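Q: My file is work.tsv. It has TSV, C-alpha atoms:
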chain	number	residue	atom	x	y	z
A	9	MET	CA	16.77	-9.11	72.66
A	10	CYS	CA	17.08	-12.55	74.20
A	11	TRP	CA	13.65	-13.75	75.26
A	12	GLU	CA	14.96	-16.98	76.78
A	13	CYS	CA	16.80	-15.38	79.66
A	14	LEU	CA	17.08	-12.13	81.55
A	15	PHE	CA	19.47	-10.62	84.02
A	16	TYR	CA	17.83	-10.43	87.44
A	17	ASN	CA	19.56	-9.27	90.63
A	18	GLY	CA	22.91	-10.07	89.11
A	19	GLU	CA	21.99	-13.61	88.12
A	20	ASN	CA	20.96	-15.18	84.87
A	21	VAL	CA	17.36	-16.27	85.29
A	22	SER	CA	15.64	-18.58	82.85
A	23	MET	CA	12.36	-17.23	81.58
A	24	ILE	CA	9.15	-18.98	82.40
A	25	GLY	CA	6.80	-20.09	79.64
A	26	ILE	CA	3.81	-22.32	78.97
A	27	SER	CA	4.64	-25.94	78.31
A	28	GLU	CA	1.22	-27.60	78.65
A	29	ILE	CA	-2.46	-26.82	79.31
A	30	SER	CA	-5.15	-29.29	80.32
A	31	CYS	CA	-8.85	-28.73	80.90
A	32	TYR	CA	-11.83	-30.15	82.66
A	33	ILE	CA	-15.23	-29.42	81.19
A	34	PRO	CA	-18.06	-31.30	82.93
A	35	GLU	CA	-19.92	-33.74	80.70
A	36	LYS	CA	-23.19	-32.68	82.26
A	37	LYS	CA	-24.80	-30.00	80.11
A	38	GLU	CA	-27.84	-27.74	80.26
A	39	SER	CA	-29.42	-26.73	76.96
A	40	ASN	CA	-30.28	-23.17	76.02
A	41	TYR	CA	-32.85	-24.57	73.60
A	42	ASP	CA	-34.87	-25.53	76.69
A	43	LEU	CA	-35.04	-21.84	77.60
A	44	LEU	CA	-36.40	-20.48	74.31
A	45	GLU	CA	-39.93	-20.03	75.59
A	46	LYS	CA	-38.95	-18.95	79.09
A	47	PHE	CA	-36.83	-16.09	77.80
A	48	ASP	CA	-38.85	-15.38	74.63
A	49	THR	CA	-35.91	-15.87	72.31
A	50	ASP	CA	-34.96	-17.97	69.26
A	51	GLU	CA	-32.33	-20.32	67.86
A	52	TYR	CA	-30.66	-17.53	65.87
A	53	PHE	CA	-30.09	-15.55	69.06
A	54	ILE	CA	-28.59	-18.61	70.75
A	55	LYS	CA	-26.23	-19.54	67.93
A	56	GLU	CA	-25.34	-16.22	66.37
A	57	LYS	CA	-25.60	-13.74	69.21
A	58	ILE	CA	-24.67	-15.35	72.49
A	59	GLY	CA	-22.92	-18.33	70.85
A	60	VAL	CA	-23.86	-20.73	73.64
A	61	GLU	CA	-26.02	-23.77	72.88
A	62	PHE	CA	-25.16	-25.73	75.99
A	63	ARG	CA	-23.78	-24.78	79.38
A	64	SER	CA	-21.48	-27.21	81.20
A	65	ARG	CA	-22.50	-27.94	84.77
A	66	LYS	CA	-20.57	-29.43	87.64
A	67	GLU	CA	-22.36	-31.56	90.20
A	68	SER	CA	-23.79	-29.47	93.03
A	69	THR	CA	-21.54	-31.23	95.55
A	70	GLU	CA	-18.38	-30.37	93.63
A	71	LYS	CA	-16.34	-27.29	94.47
A	72	ALA	CA	-13.77	-25.19	92.66
A	73	SER	CA	-10.94	-27.31	94.04
A	74	ASP	CA	-12.54	-30.52	92.72
A	75	LEU	CA	-12.59	-29.09	89.21
A	76	CYS	CA	-8.91	-28.17	89.58
A	77	ILE	CA	-8.12	-31.75	90.54
A	78	TYR	CA	-9.94	-33.08	87.48
A	79	ALA	CA	-7.97	-30.70	85.26
A	80	PHE	CA	-4.74	-31.86	86.90
A	81	GLU	CA	-5.68	-35.51	86.29
A	82	ALA	CA	-6.07	-34.65	82.61
A	83	LEU	CA	-2.63	-33.03	82.65
A	84	LYS	CA	-1.04	-36.12	84.16
A	85	LYS	CA	-2.39	-38.23	81.30
A	86	ILE	CA	-0.46	-36.24	78.71
A	87	HIS	CA	2.57	-35.06	80.66
A	88	ASP	CA	5.00	-37.01	82.83
A	89	LEU	CA	5.08	-34.77	85.87
A	90	ASP	CA	7.14	-35.16	89.05
A	91	ILE	CA	5.04	-33.31	91.63
A	92	GLU	CA	8.05	-33.01	93.95
A	93	LYS	CA	9.40	-30.43	91.51
A	94	ILE	CA	6.30	-28.21	91.60
A	95	GLY	CA	7.31	-24.93	93.24
A	96	CYS	CA	4.04	-23.04	93.12
A	97	CYS	CA	0.32	-23.73	92.91
A	98	VAL	CA	-1.90	-20.79	91.99
A	99	VAL	CA	-5.68	-20.75	91.53
A	100	VAL	CA	-7.63	-18.00	89.78
A	101	THR	CA	-11.13	-17.96	91.22
A	102	GLN	CA	-13.83	-15.78	92.74
A	103	ASN	CA	-16.00	-18.73	93.74
A	104	PRO	CA	-13.74	-20.54	96.20
A	105	ASP	CA	-14.69	-23.64	98.17
A	106	TYR	CA	-14.69	-21.46	101.30
A	107	ASN	CA	-13.97	-17.83	102.09
A	108	ILE	CA	-11.14	-19.18	104.21
A	109	PRO	CA	-8.82	-20.87	103.31
A	110	HIS	CA	-7.68	-20.18	99.78
A	111	VAL	CA	-8.53	-22.80	97.17
A	112	SER	CA	-4.88	-23.29	96.22
A	113	ALA	CA	-4.20	-24.61	99.73
A	114	ILE	CA	-6.97	-27.18	99.29
A	115	VAL	CA	-5.63	-28.15	95.87
A	116	HIS	CA	-2.12	-28.35	97.32
A	117	GLY	CA	-3.38	-30.77	99.95
A	118	LYS	CA	-5.43	-32.91	97.60
A	119	LEU	CA	-2.56	-33.26	95.13
A	120	GLU	CA	-0.07	-33.91	97.96
A	121	LEU	CA	2.24	-31.26	96.59
A	122	PRO	CA	5.54	-30.76	98.45
A	123	GLU	CA	5.72	-28.38	101.40
A	124	HIS	CA	8.24	-26.15	99.60
A	125	CYS	CA	5.49	-25.38	97.05
A	126	ALA	CA	4.04	-21.86	97.42
A	127	SER	CA	0.25	-21.63	97.11
A	128	PHE	CA	-1.95	-18.60	96.64
A	129	ASP	CA	-5.15	-17.52	94.93
A	130	ILE	CA	-5.76	-14.67	92.55
A	131	SER	CA	-9.18	-13.02	92.79
A	132	LEU	CA	-10.06	-12.00	89.28
A	133	GLY	CA	-12.75	-12.98	86.79
A	134	CYS	CA	-12.52	-13.03	83.01
A	135	SER	CA	-9.22	-11.12	82.89
A	136	GLY	CA	-7.73	-13.50	85.43
A	137	TYR	CA	-5.80	-15.89	83.21
A	138	VAL	CA	-3.80	-13.16	81.51
A	139	TYR	CA	-3.14	-11.35	84.78
A	140	ALA	CA	-2.10	-14.64	86.36
A	141	LEU	CA	0.32	-15.47	83.56
A	142	SER	CA	2.20	-12.28	84.33
A	143	ILE	CA	2.01	-12.67	88.11
A	144	VAL	CA	3.07	-16.31	88.20
A	145	LYS	CA	5.77	-15.87	85.58
A	146	ALA	CA	7.29	-12.99	87.56
A	147	PHE	CA	6.94	-14.88	90.87
A	148	MET	CA	8.65	-17.96	89.49
A	149	GLU	CA	11.44	-16.01	87.82
A	150	ALA	CA	12.06	-13.92	90.95
A	151	ASN	CA	12.27	-16.99	93.14
A	152	ASN	CA	14.02	-19.42	90.81
A	153	ILE	CA	11.03	-21.76	90.67
A	154	GLU	CA	11.33	-24.14	87.75
A	155	LYS	CA	7.84	-25.64	87.60
A	156	GLY	CA	4.50	-24.15	88.58
A	157	LEU	CA	0.82	-24.93	88.22
A	158	LEU	CA	-1.65	-22.21	87.29
A	159	PHE	CA	-5.27	-23.24	87.74
A	160	THR	CA	-8.45	-21.45	86.66
A	161	SER	CA	-11.69	-22.60	88.26
A	162	ASP	CA	-14.67	-20.31	88.73
A	163	PRO	CA	-17.92	-22.28	88.96
A	164	TYR	CA	-20.52	-19.60	88.28
A	165	SER	CA	-23.34	-22.15	88.49
A	166	GLU	CA	-23.15	-21.59	92.27
A	167	ILE	CA	-24.17	-17.93	92.01
A	168	LEU	CA	-26.43	-17.73	88.95
A	169	ASP	CA	-29.99	-16.44	89.02
A	170	SER	CA	-31.88	-18.89	86.82
A	171	GLU	CA	-34.55	-16.25	86.14
A	172	ASP	CA	-32.10	-13.70	84.74
A	173	LYS	CA	-31.80	-13.91	80.95
A	174	ASN	CA	-28.63	-11.80	80.98
A	175	THR	CA	-26.67	-14.46	82.85
A	176	ALA	CA	-28.67	-17.71	82.91
A	177	MET	CA	-27.93	-18.51	79.25
A	178	ILE	CA	-24.26	-17.58	79.25
A	179	PHE	CA	-22.07	-19.14	81.91
A	180	GLY	CA	-20.65	-22.66	82.11
A	181	ASP	CA	-18.44	-24.47	84.61
A	182	ALA	CA	-14.89	-25.57	83.78
A	183	ALA	CA	-11.35	-25.62	85.08
A	184	THR	CA	-7.92	-25.57	83.50
A	185	VAL	CA	-4.35	-26.09	84.59
A	186	THR	CA	-1.37	-24.54	82.86
A	187	LEU	CA	2.06	-25.99	83.46
A	188	LEU	CA	4.62	-23.19	83.54
A	189	GLU	CA	8.27	-24.14	83.29
A	190	THR	CA	11.68	-22.70	82.66
A	191	ASP	CA	12.65	-22.73	79.03
A	192	ALA	CA	9.17	-23.69	77.84
A	193	ASN	CA	8.91	-22.45	74.31
A	194	LEU	CA	5.69	-20.41	74.46
A	195	GLN	CA	6.76	-17.20	76.13
A	196	ALA	CA	4.90	-14.01	77.00
A	197	ILE	CA	6.75	-11.05	75.49
A	198	ALA	CA	4.41	-8.20	76.43
A	199	PHE	CA	1.42	-7.42	78.63
A	200	ASP	CA	-1.10	-4.61	78.91
A	201	PHE	CA	-3.43	-4.19	81.89
A	202	GLY	CA	-6.22	-1.87	82.91
A	203	SER	CA	-9.09	-1.28	85.31
A	204	LYS	CA	-12.25	0.78	85.41
A	205	GLY	CA	-13.23	0.43	89.04
A	206	SER	CA	-15.96	3.04	88.71
A	207	GLY	CA	-17.90	0.38	86.78
A	208	TYR	CA	-17.61	-2.39	89.37
A	209	LYS	CA	-21.39	-2.72	89.75
A	210	GLY	CA	-21.64	-3.80	86.12
A	211	LEU	CA	-20.91	-7.37	87.14
A	212	ILE	CA	-21.46	-8.10	90.80
A	213	ASN	CA	-22.49	-10.90	93.12
A	214	GLU	CA	-24.43	-9.75	96.14
A	215	LYS	CA	-26.96	-12.50	96.74
A	216	LYS	CA	-26.94	-13.67	93.12
A	217	LEU	CA	-24.91	-12.72	90.11
A	218	TYR	CA	-26.06	-9.51	88.42
A	219	MET	CA	-24.74	-8.29	85.10
A	220	ASN	CA	-25.54	-5.00	83.39
A	221	GLY	CA	-25.01	-6.36	79.90
A	222	ARG	CA	-24.91	-2.96	78.26
A	223	ALA	CA	-22.34	-1.60	80.70
A	224	VAL	CA	-20.11	-4.62	80.21
A	225	PHE	CA	-20.53	-4.41	76.43
A	226	ASN	CA	-19.68	-0.69	76.36
A	227	PHE	CA	-16.62	-1.19	78.50
A	228	THR	CA	-15.38	-4.08	76.39
A	229	ALA	CA	-16.04	-2.47	73.02
A	230	SER	CA	-14.29	0.72	74.06
A	231	LYS	CA	-11.36	-0.54	76.16
A	232	VAL	CA	-10.22	-3.85	74.68
A	233	PRO	CA	-9.30	-2.58	71.18
A	234	ILE	CA	-7.25	0.20	72.81
A	235	SER	CA	-5.51	-2.34	75.05
A	236	ILE	CA	-4.63	-4.40	72.00
A	237	GLU	CA	-3.26	-1.38	70.15
A	238	ASN	CA	-1.19	-0.43	73.22
A	239	LEU	CA	0.14	-3.94	73.46
A	240	LEU	CA	1.26	-4.08	69.85
A	241	THR	CA	2.90	-0.66	70.12
A	242	LYS	CA	4.93	-1.77	73.15
A	243	VAL	CA	6.77	-4.38	71.08
A	244	SER	CA	6.60	-2.61	67.71
A	245	LEU	CA	4.33	-5.20	66.13
A	246	GLU	CA	1.38	-4.80	63.80
A	247	LYS	CA	-1.85	-6.74	63.64
A	248	LYS	CA	-0.63	-8.59	60.58
A	249	ASP	CA	2.22	-10.03	62.68
A	250	ILE	CA	-0.25	-11.91	64.89
A	251	LYS	CA	-1.11	-15.45	63.85
A	252	LYS	CA	-4.16	-15.96	66.06
A	253	TRP	CA	-6.28	-13.97	68.47
A	254	TYR	CA	-7.69	-15.50	71.66
A	255	PHE	CA	-10.26	-13.23	73.24
A	256	HIS	CA	-12.19	-14.09	76.36
A	257	GLN	CA	-15.32	-15.86	75.19
A	258	GLY	CA	-17.85	-13.53	76.78
A	259	SER	CA	-20.38	-14.07	74.01
A	260	LYS	CA	-20.25	-14.36	70.24
A	261	TYR	CA	-21.58	-10.85	69.94
A	262	ILE	CA	-18.78	-9.34	71.99
A	263	VAL	CA	-16.05	-11.32	70.22
A	264	ASP	CA	-17.53	-10.30	66.85
A	265	THR	CA	-17.64	-6.67	68.00
A	266	ILE	CA	-13.96	-6.66	69.02
A	267	LYS	CA	-13.02	-8.41	65.80
A	268	LYS	CA	-14.85	-5.80	63.77
A	269	ARG	CA	-13.46	-2.83	65.66
A	270	LEU	CA	-9.91	-4.15	65.24
A	271	GLU	CA	-10.62	-5.11	61.60
A	272	LEU	CA	-9.33	-8.66	62.12
A	273	ASN	CA	-9.81	-11.58	59.76
A	274	THR	CA	-12.52	-13.95	60.93
A	275	GLU	CA	-10.33	-17.03	60.40
A	276	ASP	CA	-7.65	-15.61	62.74
A	277	VAL	CA	-10.02	-14.98	65.64
A	278	ILE	CA	-10.76	-18.09	67.64
A	279	PHE	CA	-14.36	-18.57	68.75
A	280	ASP	CA	-15.66	-21.73	70.39
A	281	MET	CA	-18.00	-21.72	73.33
A	282	TYR	CA	-21.10	-23.33	71.78
A	283	GLN	CA	-20.86	-26.54	73.77
A	284	TYR	CA	-19.99	-25.23	77.24
A	285	GLY	CA	-20.55	-21.46	77.55
A	286	ASN	CA	-18.60	-18.61	79.09
A	287	THR	CA	-16.22	-20.26	81.54
A	288	ILE	CA	-14.78	-17.01	82.92
A	289	SER	CA	-11.01	-17.26	83.52
A	290	SER	CA	-10.95	-20.71	81.90
A	291	SER	CA	-12.15	-19.52	78.50
A	292	ILE	CA	-8.76	-18.47	77.09
A	293	PRO	CA	-6.73	-21.48	78.31
A	294	ILE	CA	-9.42	-23.86	77.01
A	295	LEU	CA	-9.00	-22.42	73.50
A	296	LEU	CA	-5.24	-22.22	73.80
A	297	SER	CA	-4.97	-25.86	74.87
A	298	GLN	CA	-6.49	-26.93	71.55
A	299	ASP	CA	-3.82	-25.14	69.49
A	300	LEU	CA	-0.80	-25.41	71.76
A	301	ASN	CA	0.97	-28.05	69.68
A	302	ASP	CA	0.21	-26.38	66.36
A	303	PHE	CA	2.24	-23.23	66.78
A	304	LYS	CA	5.48	-22.92	64.81
A	305	SER	CA	8.67	-21.17	65.81
A	306	GLY	CA	8.21	-17.43	65.52
A	307	ASP	CA	4.41	-17.53	65.71
A	308	LYS	CA	2.95	-14.77	67.81
A	309	ILE	CA	-0.51	-14.84	69.34
A	310	VAL	CA	-2.59	-12.41	71.37
A	311	LEU	CA	-4.63	-13.22	74.48
A	312	SER	CA	-7.10	-10.74	75.92
A	313	GLY	CA	-9.37	-11.17	78.92
A	314	PHE	CA	-11.94	-8.65	80.17
A	315	GLY	CA	-14.85	-8.52	82.61
A	316	VAL	CA	-15.39	-8.36	86.36
A	317	GLY	CA	-13.92	-5.25	87.92
A	318	LEU	CA	-14.20	-3.88	85.39
A	319	SER	CA	-10.83	-5.23	84.41
A	320	TRP	CA	-8.87	-6.16	81.31
A	321	ALA	CA	-5.52	-7.72	80.47
A	322	SER	CA	-3.88	-8.54	77.16
A	323	ALA	CA	-0.69	-10.37	76.28
A	324	ILE	CA	1.41	-11.34	73.29
A	325	LEU	CA	2.93	-14.82	73.39
A	326	GLU	CA	5.65	-16.02	71.06
A	327	LYS	CA	6.66	-19.55	70.19
A	328	ASN	CA	10.43	-19.95	70.28
B	2	MET	CA	-23.81	21.52	64.20
B	3	ASN	CA	-26.16	19.78	61.79
B	4	ALA	CA	-29.24	18.10	63.15
B	5	VAL	CA	-29.14	14.33	63.49
B	6	THR	CA	-31.31	12.57	60.93
B	7	ALA	CA	-32.71	9.08	60.48
B	8	SER	CA	-29.83	8.45	58.10
B	9	ASP	CA	-27.36	8.95	60.98
B	10	ILE	CA	-29.27	6.48	63.10
B	11	LEU	CA	-29.28	3.97	60.25
B	12	LYS	CA	-25.50	4.24	60.03
B	13	ALA	CA	-25.23	3.33	63.72
B	14	ILE	CA	-27.57	0.39	63.18
B	15	GLU	CA	-25.57	-0.76	60.14
B	16	LYS	CA	-22.29	-0.47	62.04
B	17	ALA	CA	-23.76	-2.67	64.77
B	18	ASN	CA	-24.65	-5.35	62.18
B	19	ALA	CA	-28.11	-5.32	63.70
B	20	VAL	CA	-30.12	-6.15	60.55
B	21	ASN	CA	-29.38	-7.37	57.06
B	22	ASP	CA	-30.81	-4.33	55.27
B	23	VAL	CA	-31.05	-1.06	57.17
B	24	ASN	CA	-32.89	0.56	54.26
B	25	ALA	CA	-35.82	-1.74	54.93
B	26	LEU	CA	-36.29	-0.37	58.44
B	27	GLU	CA	-39.32	1.80	59.17
B	28	VAL	CA	-38.64	4.89	61.24
B	29	ASP	CA	-41.79	4.80	63.32
B	30	LYS	CA	-41.96	1.08	64.00
B	31	LEU	CA	-40.48	-0.62	67.06
B	32	LEU	CA	-36.91	-1.69	66.35
B	33	SER	CA	-37.52	-4.82	68.40
B	34	ASP	CA	-40.25	-5.78	65.93
B	35	GLN	CA	-37.86	-5.27	63.02
B	36	GLY	CA	-35.20	-7.74	64.12
B	37	VAL	CA	-33.11	-5.58	66.44
B	38	ASP	CA	-32.60	-7.64	69.60
B	39	SER	CA	-31.28	-6.48	72.98
B	40	LEU	CA	-27.63	-7.15	72.12
B	41	ASP	CA	-27.94	-5.32	68.81
B	42	PHE	CA	-29.55	-2.40	70.57
B	43	SER	CA	-26.62	-2.15	72.99
B	44	GLY	CA	-24.35	-1.97	69.96
B	45	VAL	CA	-26.50	0.71	68.31
B	46	LEU	CA	-26.48	2.87	71.45
B	47	PHE	CA	-22.73	2.43	71.81
B	48	ASN	CA	-22.22	3.58	68.22
B	49	LEU	CA	-24.45	6.62	68.79
B	50	GLU	CA	-22.59	7.53	71.97
B	51	GLU	CA	-19.31	7.28	70.12
B	52	ALA	CA	-20.46	9.11	66.96
B	53	PHE	CA	-22.08	12.04	68.74
B	54	ASN	CA	-19.95	12.08	71.90
B	55	ILE	CA	-22.97	11.74	74.17
B	56	GLU	CA	-23.85	9.50	77.08
B	57	ILE	CA	-27.11	7.57	77.04
B	58	PRO	CA	-27.97	6.50	80.62
B	59	ASP	CA	-29.77	3.20	81.21
B	60	GLU	CA	-32.78	5.05	82.63
B	61	ASP	CA	-33.39	6.75	79.27
B	62	ILE	CA	-33.51	3.56	77.24
B	63	ASP	CA	-37.15	2.67	77.84
B	64	GLY	CA	-38.19	5.68	75.78
B	65	LEU	CA	-36.01	4.74	72.82
B	66	ALA	CA	-37.90	2.17	70.81
B	67	THR	CA	-37.98	3.54	67.25
B	68	ILE	CA	-35.63	5.32	64.87
B	69	ASN	CA	-37.69	8.47	65.32
B	70	ASP	CA	-37.25	8.19	69.10
B	71	LEU	CA	-33.49	8.00	68.63
B	72	VAL	CA	-33.37	10.94	66.22
B	73	GLN	CA	-35.24	13.14	68.66
B	74	TYR	CA	-33.26	11.91	71.66
B	75	VAL	CA	-29.83	12.42	70.12
B	76	ASN	CA	-30.76	15.88	68.86
B	77	ASN	CA	-31.87	16.85	72.37
B	78	LYS	CA	-28.65	15.50	73.90
B	79	LYS	CA	-26.29	17.24	71.51
Show this structure as structure tokens.
A:
Amino acid sequence: MCWECLFYNGENVSMIGISEISCYIPEKKESNYDLLEKFDTDEYFIKEKIGVEFRSRKESTEKASDLCIYAFEALKKIHDLDIEKIGCCVVVTQNPDYNIPHVSAIVHGKLELPEHCASFDISLGCSGYVYALSIVKAFMEANNIEKGLLFTSDPYSEILDSEDKNTAMIFGDAATVTLLETDANLQAIAFDFGSKGSGYKGLINEKKLYMNGRAVFNFTASKVPISIENLLTKVSLEKKDIKKWYFHQGSKYIVDTIKKRLELNTEDVIFDMYQYGNTISSSIPILLSQDLNDFKSGDKIVLSGFGVGLSWASAILEKN
Amino acid sequence: MNAVTASDILKAIEKANAVNDVNALEVDKLLSDQGVDSLDFSGVLFNLEEAFNIEIPDEDIDGLATINDLVQYVNNKK
């Protein structure tokens, strides 16, 4: 099968892939070591269980759109980008600047993107990046859009309860931008999605964020390995065919649990959230951005996001 | 069906990587005092639910502090 192009409505349509990812992680950090006494815990728990030593924090005056702009500025430093050619601007967030309008409109305005550029938000949490890759790829291919920007920006610091151990030590602020283009050589070749809406109260923001850690753990440990197995079956691949695994960085404990249940090699499973925390939909693109230039032709990787909803999404990407 | 024993509970604890040596655990002592933290305990309960095809509601957890508690609870649920 030709992954580079497909036949759509009688026309050859170039397939959309990832060409670049840039990130913004605030320099301001809060230390979990300052919370040892408050939450009656220890250094081992911080390093080996939750895997978060420091949580990145935006300034209180900054909004989701500001973080997107900072991520875009980072992109411009490494990629010569003509914004007149940007055909869509999409933001994954559940903590928008305002309820109305959508954050992508604000980002569109701040970046002075062209008026032919479509803008919309996607309301998803930790599964959002993988869902968005599929949505934006399909949208661009269906509408012959050659360049698009996919942002993730979900500043949980705005909704956290600082007295709640389950959440106060976990989440960090960050944003990413993924440049999607025709003929980019990192292509998604399969997706798997799922929802367990009956568990929506497991992670919910009424007045403050509430997380039933056990419910989220149970859902993740039971559903994500199945999603991965489904994904591999769809394209007749085996686990040994996958070079690296990029799971949502919910906590070290949950990534270790998935790794164990799938019997994956530790060195193939990326884990790195010690210095900034769980950044929701930004966690996967942050990790991916660090390895993007290291993949070789034929390498296949797996992404899997899971959380709010409860919701999960997994994808296999291949470097051409 | 055979009754659940402390050995079955230890297997669930081992599978959850909760402690270095499950054989050193005492059956009547609080698991939280033997190095099993809240995350580990979620993993232990998940393994028990899976192994014995039972559901352990959150409201039951307060009464499950020792291996003996878990043995009795799982036997009653089966």
Q: Determine which residues of chain A sit within 9 Å of chain B, taking into account all atoms listed in the file, and present them as JSON, numbers by chain.
A: {"A": [53, 57, 58, 221, 222, 223, 225, 226, 229, 230, 261, 265]}
Q: Can you work out the spacing between atom CA of A:Val138 and atom CA of A:Gly313 in Å, to one decimal?
A: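 Rounded to one decimal, the two atoms are 6.5 Å apart.
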Q: What is the distance between atom CA of A:Lys308 and atom CA of A:Tyr137, in Å to one decimal?
A: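 Here the two named atoms are 17.7 Å from each other.
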Q: Pick out the residues sitting within 12 Å of A:Tyr78, and hand them over as a list in words; count only C-alpha atoms, and ignore anything fewer than 2 positions along from it in its own chain.
A: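 Within the cut-off, the hits are Ser30, Cys31, Tyr32, Ile33, Pro34, Lys66, Glu70, Lys71, Ala72, Ser73, Asp74, Leu75, Cys76, Phe80, Glu81, Ala82, Leu83, Lys84, Lys85, Val115, Lys118, Leu119, Phe159, Thr160, Ser161, Ala182, Ala183, Thr184 and Val185 of chain A.
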Q: Quick one: residues within 8 Å of stretch 65-74 of chain B, only C-alpha atoms counted, chain neighbours fewer than 3 positions away excluded, as an MDAnalysis selection string?
A: chainID B and resid 5:7 10:11 27:33 61:62 77:78
Q: Between atom CA of A:Tyr284 and atom CA of A:Ile29, what distance in Å does the model show, to one decimal?
A: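 Pair atom CA of A:Tyr284 / atom CA of A:Ile29 returns 17.7 Å.
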Q: Please identify all polymer residues within 12 Å of stretch 234-245 of chain A, counting all atoms listed in the file, omitting same-chain residues fewer than 3 positions from it, and present them as a ChimeraX atom specification.
A: /A:9,196-203,227-231,248-251,253-255,266-267,269-272,308-314,319-326
Q: Determine the nearest neighbour of B:Leu26 from the options B:Val75, B:Ile14, B:Ile55, B:Val45, counting only C-alpha atoms.
A: B:Ile14
Q: Within 6 Å of (-21.1, -23.2, 73.2) (file coordinates; only C-alpha atoms), which protein or nucleic acid residues are there? I'd like them as a list in words.
A: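 Those within range, by chain then number, are Gly59, Val60, Glu61, Phe62, Met281, Tyr282, Gln283, Tyr284 and Gly285 of chain A.
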